[in-house]
>>> print(open('final-v6.txt').read())   # compact mmCIF, C-alpha atoms
# COMPACT_ATOMS: atom_id res chain seq x y z
CA MET A 1 220.18 237.19 257.61
CA THR A 2 223.87 236.39 257.61
CA PRO A 3 225.65 237.55 254.45
CA GLN A 4 226.48 234.73 252.05
CA THR A 5 230.14 234.28 251.34
CA THR A 6 231.60 232.51 248.35
CA PRO A 7 234.38 230.05 249.22
CA GLN A 8 237.71 231.48 248.13
CA MET A 9 239.59 229.33 245.64
CA SER A 10 243.23 229.52 244.71
CA PRO A 11 244.16 229.31 241.01
CA ASP A 12 245.58 225.81 241.69
CA ASP A 13 242.25 224.63 243.10
CA ASN A 14 240.57 225.88 239.97
CA LEU A 15 243.02 224.00 237.76
CA ASP A 16 242.40 220.80 239.74
CA ILE A 17 238.66 221.12 239.34
CA GLN A 18 238.94 221.77 235.61
CA SER A 19 241.14 218.74 234.99
CA THR A 20 238.78 216.69 237.19
CA HIS A 21 235.80 217.62 235.03
CA GLN A 22 237.59 216.46 231.89
CA SER A 23 239.04 213.28 233.39
CA GLU A 24 235.87 212.29 235.26
CA THR A 25 233.86 212.65 232.07
CA ILE A 26 236.38 210.61 230.08
CA LEU A 27 236.30 207.90 232.78
CA TRP A 28 232.51 207.87 232.64
CA LEU A 29 232.62 207.56 228.86
CA ALA A 30 235.24 204.79 229.05
CA GLN A 31 233.02 202.86 231.44
CA ARG A 32 229.98 203.21 229.17
CA ILE A 33 231.88 202.14 226.04
CA SER A 34 233.50 199.20 227.85
CA ALA A 35 230.01 198.22 229.07
CA MET A 36 228.85 197.99 225.46
CA VAL A 37 231.82 195.78 224.61
CA LEU A 38 231.20 193.66 227.72
CA ALA A 39 227.54 193.17 226.82
CA VAL A 40 228.57 191.48 223.56
CA CYS A 41 231.46 189.58 225.16
CA ILE A 42 229.29 188.23 227.98
CA LEU A 43 226.61 187.05 225.55
CA VAL A 44 229.21 185.21 223.46
CA HIS A 45 230.88 183.83 226.59
CA LEU A 46 227.60 182.61 228.15
CA GLY A 47 226.43 181.22 224.81
CA THR A 48 229.68 179.28 224.50
CA ILE A 49 229.37 177.94 228.05
CA ILE A 50 225.81 176.74 227.43
CA TYR A 51 226.87 175.15 224.15
CA ALA A 52 230.07 173.65 225.58
CA VAL A 53 228.73 171.99 228.73
CA GLN A 54 226.22 169.88 226.80
CA GLY A 55 228.62 166.97 226.77
CA GLY A 56 230.44 167.75 230.04
CA LEU A 57 233.33 170.11 230.48
CA SER A 58 237.03 169.26 230.47
CA ALA A 59 240.28 171.19 230.22
CA ALA A 60 241.19 169.27 227.12
CA GLU A 61 237.92 170.23 225.47
CA ILE A 62 238.40 173.94 226.27
CA ILE A 63 241.97 173.90 225.00
CA GLY A 64 240.79 172.02 221.92
CA ARG A 65 238.32 174.81 221.18
CA VAL A 66 240.16 178.02 222.10
CA GLY A 67 243.80 176.85 222.07
CA GLY A 68 245.81 177.98 219.09
CA SER A 69 242.92 180.05 217.75
CA GLU A 70 243.80 183.68 217.01
CA ALA A 71 240.12 184.54 216.87
CA TRP A 72 239.42 183.22 220.40
CA LEU A 73 242.61 184.87 221.67
CA ALA A 74 241.49 188.20 220.22
CA PHE A 75 238.03 187.71 221.74
CA TYR A 76 239.31 186.96 225.25
CA VAL A 77 241.94 189.72 225.13
CA THR A 78 239.14 192.16 224.22
CA PHE A 79 237.00 190.71 227.03
CA VAL A 80 239.81 191.09 229.58
CA LEU A 81 240.66 194.64 228.49
CA ALA A 82 236.99 195.67 228.66
CA ILE A 83 236.79 194.29 232.23
CA THR A 84 240.06 196.03 233.09
CA VAL A 85 238.55 199.36 232.06
CA HIS A 86 235.02 198.80 233.33
CA ALA A 87 235.31 197.23 236.77
CA PRO A 88 237.87 199.55 238.44
CA ILE A 89 235.96 202.69 237.36
CA GLY A 90 232.80 201.30 238.93
CA LEU A 91 234.60 200.22 242.09
CA ARG A 92 236.18 203.67 242.28
CA ALA A 93 232.76 205.32 242.23
CA ILE A 94 231.46 202.95 244.91
CA LEU A 95 234.51 203.44 247.16
CA ASN A 96 234.36 207.22 246.77
CA GLU A 97 230.68 207.27 247.63
CA MET A 98 230.50 204.68 250.39
CA THR A 99 233.83 204.93 252.23
CA LYS A 100 235.86 207.68 253.81
CA LEU A 101 239.05 206.73 251.93
CA SER A 102 240.80 209.67 250.30
CA ARG A 103 240.36 210.06 246.56
CA LYS A 104 244.06 209.51 245.95
CA ARG A 105 244.00 206.25 247.90
CA VAL A 106 240.89 205.07 246.04
CA ASP A 107 242.54 205.90 242.72
CA LEU A 108 245.64 203.93 243.74
CA LEU A 109 243.61 200.91 244.92
CA CYS A 110 241.58 200.84 241.72
CA PHE A 111 244.67 201.23 239.57
CA ILE A 112 246.28 198.25 241.34
CA GLY A 113 243.01 196.33 240.80
CA ALA A 114 243.06 197.19 237.10
CA VAL A 115 246.66 196.04 236.71
CA MET A 116 245.87 192.75 238.48
CA LEU A 117 242.78 192.14 236.36
CA ALA A 118 244.72 192.80 233.18
CA TYR A 119 247.70 190.67 234.26
CA LEU A 120 245.71 187.66 235.43
CA GLY A 121 243.17 187.83 232.61
CA LEU A 122 245.72 188.20 229.83
CA LYS A 123 247.89 185.50 231.39
CA VAL A 124 245.00 183.02 231.24
CA ALA A 125 244.01 183.99 227.69
CA ILE A 126 247.58 183.70 226.39
CA ARG A 127 248.19 180.47 228.31
CA PHE A 128 245.15 178.80 226.77
CA TYR A 129 246.22 179.98 223.32
CA ASN A 130 249.74 178.63 223.80
CA LEU A 131 248.49 175.28 225.12
CA GLY A 132 246.57 174.85 221.89
CA VAL A 133 249.60 175.75 219.79
CA VAL A 134 251.75 173.17 221.63
CA SER A 135 249.19 170.36 221.31
CA MET B 136 177.40 218.12 262.19
CA SER B 137 177.80 218.87 265.89
CA GLU B 138 181.19 219.63 267.44
CA GLU B 139 181.33 216.20 269.14
CA ASN B 140 180.81 214.31 265.88
CA VAL B 141 183.54 216.02 263.88
CA GLU B 142 185.97 213.49 262.48
CA MET B 143 189.46 214.21 263.77
CA LEU B 144 192.85 213.67 262.21
CA SER B 145 195.89 212.70 264.28
CA VAL B 146 198.89 214.71 263.15
CA SER B 147 202.49 214.35 264.32
CA VAL B 148 204.53 217.43 263.52
CA TRP B 149 208.29 217.86 263.87
CA ARG B 150 209.08 220.62 266.37
CA GLY B 151 212.59 221.92 266.90
CA ASP B 152 215.63 222.50 264.78
CA GLY B 153 217.80 220.01 262.90
CA GLU B 154 219.81 219.04 265.98
CA VAL B 155 217.26 218.89 268.75
CA GLY B 156 213.57 218.26 268.40
CA ARG B 157 210.70 215.81 268.63
CA TYR B 158 207.37 214.99 267.08
CA GLN B 159 204.40 216.66 268.73
CA ASP B 160 200.89 215.27 268.32
CA TYR B 161 197.86 217.37 267.42
CA GLU B 162 194.21 216.61 266.71
CA VAL B 163 192.85 218.52 263.72
CA PRO B 164 189.23 218.44 262.48
CA ARG B 165 188.84 216.80 259.06
CA GLN B 166 187.33 218.87 256.31
CA GLU B 167 186.30 218.18 252.77
CA SER B 168 189.09 218.65 250.19
CA GLN B 169 191.50 219.43 253.02
CA THR B 170 195.15 219.75 252.03
CA VAL B 171 198.17 219.03 254.21
CA LEU B 172 198.94 222.77 254.16
CA ASP B 173 195.41 223.41 255.49
CA VAL B 174 196.20 221.04 258.37
CA VAL B 175 199.49 222.74 259.21
CA THR B 176 197.84 226.16 258.97
CA TYR B 177 195.03 225.02 261.28
CA ILE B 178 197.56 223.91 263.88
CA GLN B 179 199.36 227.25 263.78
CA ARG B 180 196.23 229.39 263.84
CA HIS B 181 194.13 227.43 266.33
CA ILE B 182 196.43 225.28 268.48
CA ASP B 183 200.07 226.33 268.48
CA PRO B 184 201.01 229.78 267.12
CA ASN B 185 204.71 228.99 267.62
CA LEU B 186 204.74 226.49 264.75
CA SER B 187 207.02 227.65 261.93
CA TYR B 188 206.44 226.69 258.31
CA ARG B 189 206.75 228.32 254.92
CA PHE B 190 204.14 228.93 252.26
CA ALA B 191 203.14 231.67 249.83
CA CYS B 192 200.73 231.06 246.96
CA ARG B 193 198.78 228.02 248.27
CA VAL B 194 197.99 226.96 244.69
CA GLY B 195 201.05 225.03 243.50
CA VAL B 196 202.91 227.80 241.74
CA CYS B 197 205.55 229.17 244.10
CA GLY B 198 207.19 225.98 245.40
CA SER B 199 207.45 227.26 249.00
CA CYS B 200 205.45 224.76 251.02
CA ALA B 201 207.25 221.45 250.40
CA MET B 202 207.49 219.19 253.46
CA THR B 203 207.94 215.51 254.24
CA VAL B 204 204.48 213.99 254.59
CA ASN B 205 204.26 210.40 255.88
CA GLY B 206 207.90 209.90 254.92
CA ARG B 207 207.78 211.33 251.40
CA PRO B 208 208.59 214.83 250.16
CA ARG B 209 205.48 216.55 248.78
CA TRP B 210 204.08 219.98 247.95
CA THR B 211 201.64 220.34 250.82
CA CYS B 212 199.29 222.87 249.19
CA ARG B 213 198.38 220.41 246.43
CA THR B 214 198.46 217.26 248.55
CA HIS B 215 195.01 216.24 249.71
CA VAL B 216 194.90 214.65 253.14
CA SER B 217 192.63 211.91 251.77
CA LYS B 218 195.36 210.82 249.33
CA VAL B 219 198.13 210.42 251.91
CA VAL B 220 196.49 209.72 255.26
CA GLU B 221 197.34 206.34 256.77
CA ASP B 222 195.04 204.90 259.46
CA GLY B 223 193.73 208.39 260.21
CA LYS B 224 197.26 209.69 260.87
CA LEU B 225 199.62 212.15 259.25
CA THR B 226 203.27 212.73 260.03
CA VAL B 227 204.64 216.06 258.85
CA ALA B 228 208.37 216.81 258.94
CA PRO B 229 210.73 219.27 257.25
CA LEU B 230 212.30 218.38 253.89
CA LYS B 231 215.29 216.04 254.10
CA ASN B 232 218.80 216.97 252.90
CA LEU B 233 218.40 220.62 253.96
CA GLU B 234 219.25 222.26 257.23
CA VAL B 235 216.24 222.81 259.44
CA ILE B 236 215.80 226.38 260.64
CA LYS B 237 212.87 225.65 262.91
CA ASP B 238 210.02 223.13 262.87
CA LEU B 239 208.98 222.71 259.21
CA SER B 240 211.08 225.53 257.75
CA VAL B 241 214.32 224.55 256.04
CA ASP B 242 217.20 226.67 254.85
CA MET B 243 217.10 226.55 251.04
CA THR B 244 220.48 228.33 250.64
CA ASP B 245 222.43 225.21 249.60
CA PHE B 246 219.70 224.23 247.17
CA PHE B 247 219.73 227.56 245.32
CA ASP B 248 223.51 228.05 245.60
CA LYS B 249 223.83 224.83 243.63
CA TRP B 250 221.66 226.29 240.84
CA ALA B 251 224.24 229.08 240.63
CA LYS B 252 227.13 226.57 240.72
CA ALA B 253 225.49 224.69 237.84
CA GLU B 254 225.49 227.96 235.86
CA GLY B 255 221.71 227.99 236.03
CA SER B 256 221.31 231.57 234.85
CA PHE B 257 220.72 232.64 231.26
CA LYS B 258 223.54 234.48 229.50
CA GLY B 259 222.85 235.80 226.04
CA ASP B 260 224.67 238.07 223.62
CA LYS B 261 221.71 239.97 222.17
CA THR B 262 220.45 243.38 223.20
CA ARG B 263 216.97 244.89 223.23
CA HIS B 264 217.76 246.35 219.83
CA ASP B 265 218.11 242.89 218.26
CA ASP B 266 215.19 241.01 216.83
CA PHE B 267 213.46 238.19 218.68
CA ALA B 268 215.09 234.79 218.25
CA GLU B 269 212.95 232.58 216.05
CA ILE B 270 212.77 229.09 217.49
CA SER B 271 210.34 226.57 216.06
CA PRO B 272 208.16 224.78 218.64
CA THR B 273 209.10 221.55 216.87
CA ASP B 274 212.85 222.17 217.16
CA ARG B 275 214.57 219.25 218.94
CA LYS B 276 216.43 221.47 221.40
CA ARG B 277 213.36 223.55 222.06
CA LYS B 278 211.40 220.40 222.91
CA ALA B 279 214.17 219.24 225.28
CA ALA B 280 214.21 222.63 227.01
CA SER B 281 210.42 222.71 227.27
CA ALA B 282 210.37 219.25 228.85
CA GLY B 283 212.25 220.53 231.90
CA ILE B 284 211.30 224.20 232.06
CA GLU B 285 208.28 224.00 234.37
CA CYS B 286 210.36 223.41 237.52
CA ILE B 287 209.07 225.55 240.39
CA GLY B 288 212.15 225.09 242.58
CA CYS B 289 210.27 223.46 245.45
CA GLY B 290 213.18 221.23 246.52
CA VAL B 291 211.09 218.05 246.61
CA CYS B 292 213.43 216.23 244.18
CA TYR B 293 216.44 217.40 246.18
CA ALA B 294 214.93 215.92 249.35
CA ALA B 295 214.08 212.67 247.55
CA CYS B 296 217.60 212.15 246.15
CA ASP B 297 219.86 209.64 247.91
CA LEU B 298 222.90 211.04 246.14
CA VAL B 299 222.33 214.44 247.77
CA ALA B 300 222.27 212.69 251.15
CA TRP B 301 225.54 210.84 250.42
CA ASN B 302 227.51 213.56 248.67
CA LYS B 303 227.08 217.07 250.04
CA ASP B 304 228.70 218.57 246.95
CA TYR B 305 226.30 216.89 244.50
CA LEU B 306 224.44 219.60 242.62
CA GLY B 307 221.15 217.71 242.75
CA PRO B 308 218.34 217.02 240.28
CA ALA B 309 216.78 220.50 240.13
CA ALA B 310 220.01 222.42 239.44
CA LEU B 311 221.08 219.89 236.80
CA ASN B 312 217.63 219.96 235.20
CA ARG B 313 217.90 223.74 235.03
CA ALA B 314 221.35 223.49 233.42
CA TRP B 315 219.95 221.09 230.80
CA THR B 316 217.17 223.50 229.83
CA LEU B 317 219.82 226.19 229.25
CA VAL B 318 222.11 223.84 227.31
CA ASN B 319 219.15 223.46 224.96
CA ASP B 320 218.42 227.19 224.80
CA VAL B 321 219.95 228.25 221.48
CA ARG B 322 220.02 231.89 222.63
CA ASP B 323 222.31 231.09 225.55
CA THR B 324 226.06 231.61 225.09
CA ASN B 325 227.41 230.08 228.29
CA ASP B 326 227.44 226.38 227.38
CA LYS B 327 231.18 225.81 227.68
CA THR B 328 231.33 227.08 231.25
CA ARG B 329 228.07 225.36 232.10
CA LEU B 330 229.14 221.93 230.83
CA LYS B 331 232.34 222.23 232.87
CA ALA B 332 230.29 223.13 235.92
CA VAL B 333 227.96 220.14 235.66
CA ALA B 334 230.54 217.47 234.72
CA GLY B 335 232.27 215.25 237.26
CA ASP B 336 231.37 213.42 240.43
CA ALA B 337 229.58 216.36 242.04
CA GLY B 338 227.59 216.84 238.84
CA CYS B 339 225.71 214.76 236.34
CA HIS B 340 228.12 211.81 236.42
CA ALA B 341 227.28 211.10 240.04
CA CYS B 342 223.63 210.35 239.23
CA HIS B 343 222.66 206.68 239.67
CA SER B 344 219.47 207.09 237.62
CA GLN B 345 217.43 205.76 240.56
CA GLN B 346 214.74 208.28 239.60
CA GLY B 347 213.61 209.22 243.11
CA CYS B 348 213.43 212.75 241.70
CA VAL B 349 211.16 211.66 238.85
CA GLU B 350 208.84 209.79 241.17
CA SER B 351 208.49 212.73 243.54
CA CYS B 352 208.47 215.67 241.09
CA VAL B 353 205.28 217.61 241.64
CA LYS B 354 205.35 218.92 238.07
CA HIS B 355 205.91 215.43 236.62
CA LEU B 356 209.25 216.42 235.12
CA SER B 357 212.10 213.96 234.60
CA PRO B 358 215.32 215.38 236.04
CA THR B 359 216.86 211.95 235.39
CA ALA B 360 216.30 212.41 231.64
CA SER B 361 217.80 215.90 231.84
CA ILE B 362 220.83 214.54 233.70
CA ALA B 363 221.21 211.79 231.07
CA GLY B 364 221.19 214.56 228.45
CA LEU B 365 223.94 216.37 230.35
CA LYS B 366 225.97 213.14 230.50
CA ARG B 367 225.81 212.90 226.70
CA ALA B 368 226.56 216.59 226.18
CA THR B 369 229.53 216.58 228.57
CA ALA B 370 230.86 213.37 226.99
CA TRP B 371 230.92 215.00 223.54
CA ALA B 372 232.49 218.13 225.02
CA ALA B 373 235.17 216.06 226.79
CA LEU B 374 236.03 214.21 223.57
CA LYS B 375 236.62 217.57 221.94
CA GLY B 376 238.72 218.64 224.94
CA GLY B 377 236.11 221.22 225.87
CA LEU B 378 236.06 220.50 229.61
CA LYS B 379 239.75 221.30 230.21
>>> encode(input="final-v6.txt", output="structure tokens")
Amino acid sequence: MTPQTTPQMSPDDNLDIQSTHQSETILWLAQRISAMVLAVCILVHLGTIIYAVQGGLSAAEIIGRVGGSEAWLAFYVTFVLAITVHAPIGLRAILNEMTKLSRKRVDLLCFIGAVMLAYLGLKVAIRFYNLGVVS
Amino acid sequence: MSEENVEMLSVSVWRGDGEVGRYQDYEVPRQESQTVLDVVTYIQRHIDPNLSYRFACRVGVCGSCAMTVNGRPRWTCRTHVSKVVEDGKLTVAPLKNLEVIKDLSVDMTDFFDKWAKAEGSFKGDKTRHDDFAEISPTDRKRKAASAGIECIGCGVCYAACDLVAWNKDYLGPAALNRAWTLVNDVRDTNDKTRLKAVAGDAGCHACHSQQGCVESCVKHLSPTASIAGLKRATAWAALKGGLK
């Protein structure tokens, strides 16, 4: 039998691992909570699509419904923010598991993805709101 | 029944170590209520004494004799040939996800080291001079601990887990199940350290809930449920800043 050795860790390694445990758990929790929000948002969104396409779909009709409405703006901002939290955390887990990219690189990629999702999503939501206000 | 009329079983057995090896075919006489361990033992005692495998109790208590049988991890002493044989053939290989020492024997060091990493040992603060702890059998935590306590450490769930194959640091279903039983042991005083140890992407948060461990567990435990419990417990601890 060869004697078993315990890997030596520096105090810095230990600190890294401890902060990882906290942050990984918070990320996991954030993804679960955002999933709950998304479940409601997606049901409302799909329900609205099914209701709205009954008589055909047009830009004017969408703007007529959601444009200028604070309630719809709040709904879509919530939807976008939930996606911004949820999707990059999931992609991060997949990339870490299935690719050889370093963790730092994966974190950077997913952060950029989150910023893009938030920017594009909020831009659309605000644009539709403003179009309704103008008309 | 004469010797010529004995029904035979075709068995392919992995021979070699993890790097180099091949399947070798044997013909073993069928017997009533024959287990896969009986078959392997027959090969070693009557055909090929060089065959290495591990067993101890032969009655499903010790968890020593787990092997891959026809592609699935099983406890061989309690697996009847009649239940798993396919077209009169058996394929017996070492457990997956563990280093092969020789033939059917695997090195369980990683498996048990991960129990230690998951803080899988009891730490209390009472002495022999203190009274017994009184815990009602109907207590919620007691029930949760009891649900996972019968693990025999056979490694079958560890071999069945895809996450273990993908992430060499992942603690695995058995170690996390053990940690969950201790989180629910009200006598234990090591929860803070334990929850830190099992949080993160090498711990409970890596689990995909695919339940390969549940399907294969010889004791019909649900490591997935235990891991889900750890996810909840670590989440509460993180919100209170307890994993820093």
>>> interface_residues(input="final-v6.txt", of="chain A", to="chain B", cutoff="8 Å", atoms="all atoms listed in the file", output="number ranges by chain")
A: 18-22, 24-26, 28-29, 97-98
>>> atom_distance(input="final-v6.txt", atom1="atom CA of Ala279 of chain B", atom2="atom CA of Asp304 of chain B")
26.1 Å
>>> residues_around(input="final-v6.txt", residues="segment 263-276 of chain B", least_positions_apart="6", cutoff="8 Å", atoms="only C-alpha atoms", output="JSON, numbers by chain")
{"B": [319, 320, 321, 322]}
>>> closest_residue(input="final-v6.txt", among="B:Arg329, B:Ser281, B:Leu144, B:Glu162", to="Glu221 of chain B", atoms="only C-alpha atoms")
B:Leu144
>>> atom_distance(input="final-v6.txt", atom1="atom CA of Trp315 of chain B", atom2="atom CA of Cys192 of chain B")
27.0 Å
>>> atom_distance(input="final-v6.txt", atom1="atom CA of Ser344 of chain B", atom2="atom CA of Ile362 of chain B")
8.5 Å
>>> residues_around(input="final-v6.txt", residues="His86 of chain A", least_positions_apart="3", cutoff="10 Å", atoms="all atoms listed in the file", output="list in words")
Leu27, Trp28, Ala30, Gln31, Arg32, Ile33, Ser34, Ala35, Val37, Leu38, Val80, Leu81, Ala82, Ile83, Ile89, Gly90, Leu91 and Ala114 of chain A
>>> residues_around(input="final-v6.txt", residues="Val204 of chain B", least_positions_apart="3", cutoff="6 Å", atoms="only C-alpha atoms", output="JSON, numbers by chain")
{"B": [207, 226, 227]}
>>> axis_aligned_box(input="final-v6.txt", around="segment 328-345 of chain B", padding_each_side="4 Å", output="AutoDock Vina command-line options")
--center_x 224.9 --center_y 216.4 --center_z 236.4 --size_x 22.9 --size_y 29.3 --size_z 19.2
>>> residues_near_point(input="final-v6.txt", point="(240.9, 175.0, 219.5)", cutoff="12 Å", atoms="all atoms listed in the file", output="JSON, numbers by chain")
{"A": [59, 60, 61, 62, 63, 64, 65, 66, 67, 68, 69, 70, 71, 72, 73, 128, 129, 130, 131, 132, 133, 134, 135]}
>>> residues_around(input="final-v6.txt", residues="segment 116-122 of chain A", least_positions_apart="4", cutoff="9 Å", atoms="only C-alpha atoms", output="ChimeraX atom specification")
/A:76-77,79-81,83-84,111-112,126-127
>>> closest_residue(input="final-v6.txt", among="A:Leu101, A:Val115, A:Val106, A:Ile42", to="Val85 of chain A", atoms="only C-alpha atoms")
A:Val115
>>> residues_around(input="final-v6.txt", residues="Val235 of chain B", least_positions_apart="6", cutoff="9 Å", atoms="only C-alpha atoms", output="compact mmCIF listing (two decimals) with C-alpha atoms, in the frame of the given file")
# COMPACT_ATOMS: atom_id res chain seq x y z
CA GLY B 151 212.59 221.92 266.90
CA ASP B 152 215.63 222.50 264.78
CA GLY B 153 217.80 220.01 262.90
CA GLU B 154 219.81 219.04 265.98
CA PRO B 229 210.73 219.27 257.25
CA VAL B 241 214.32 224.55 256.04
CA ASP B 242 217.20 226.67 254.85
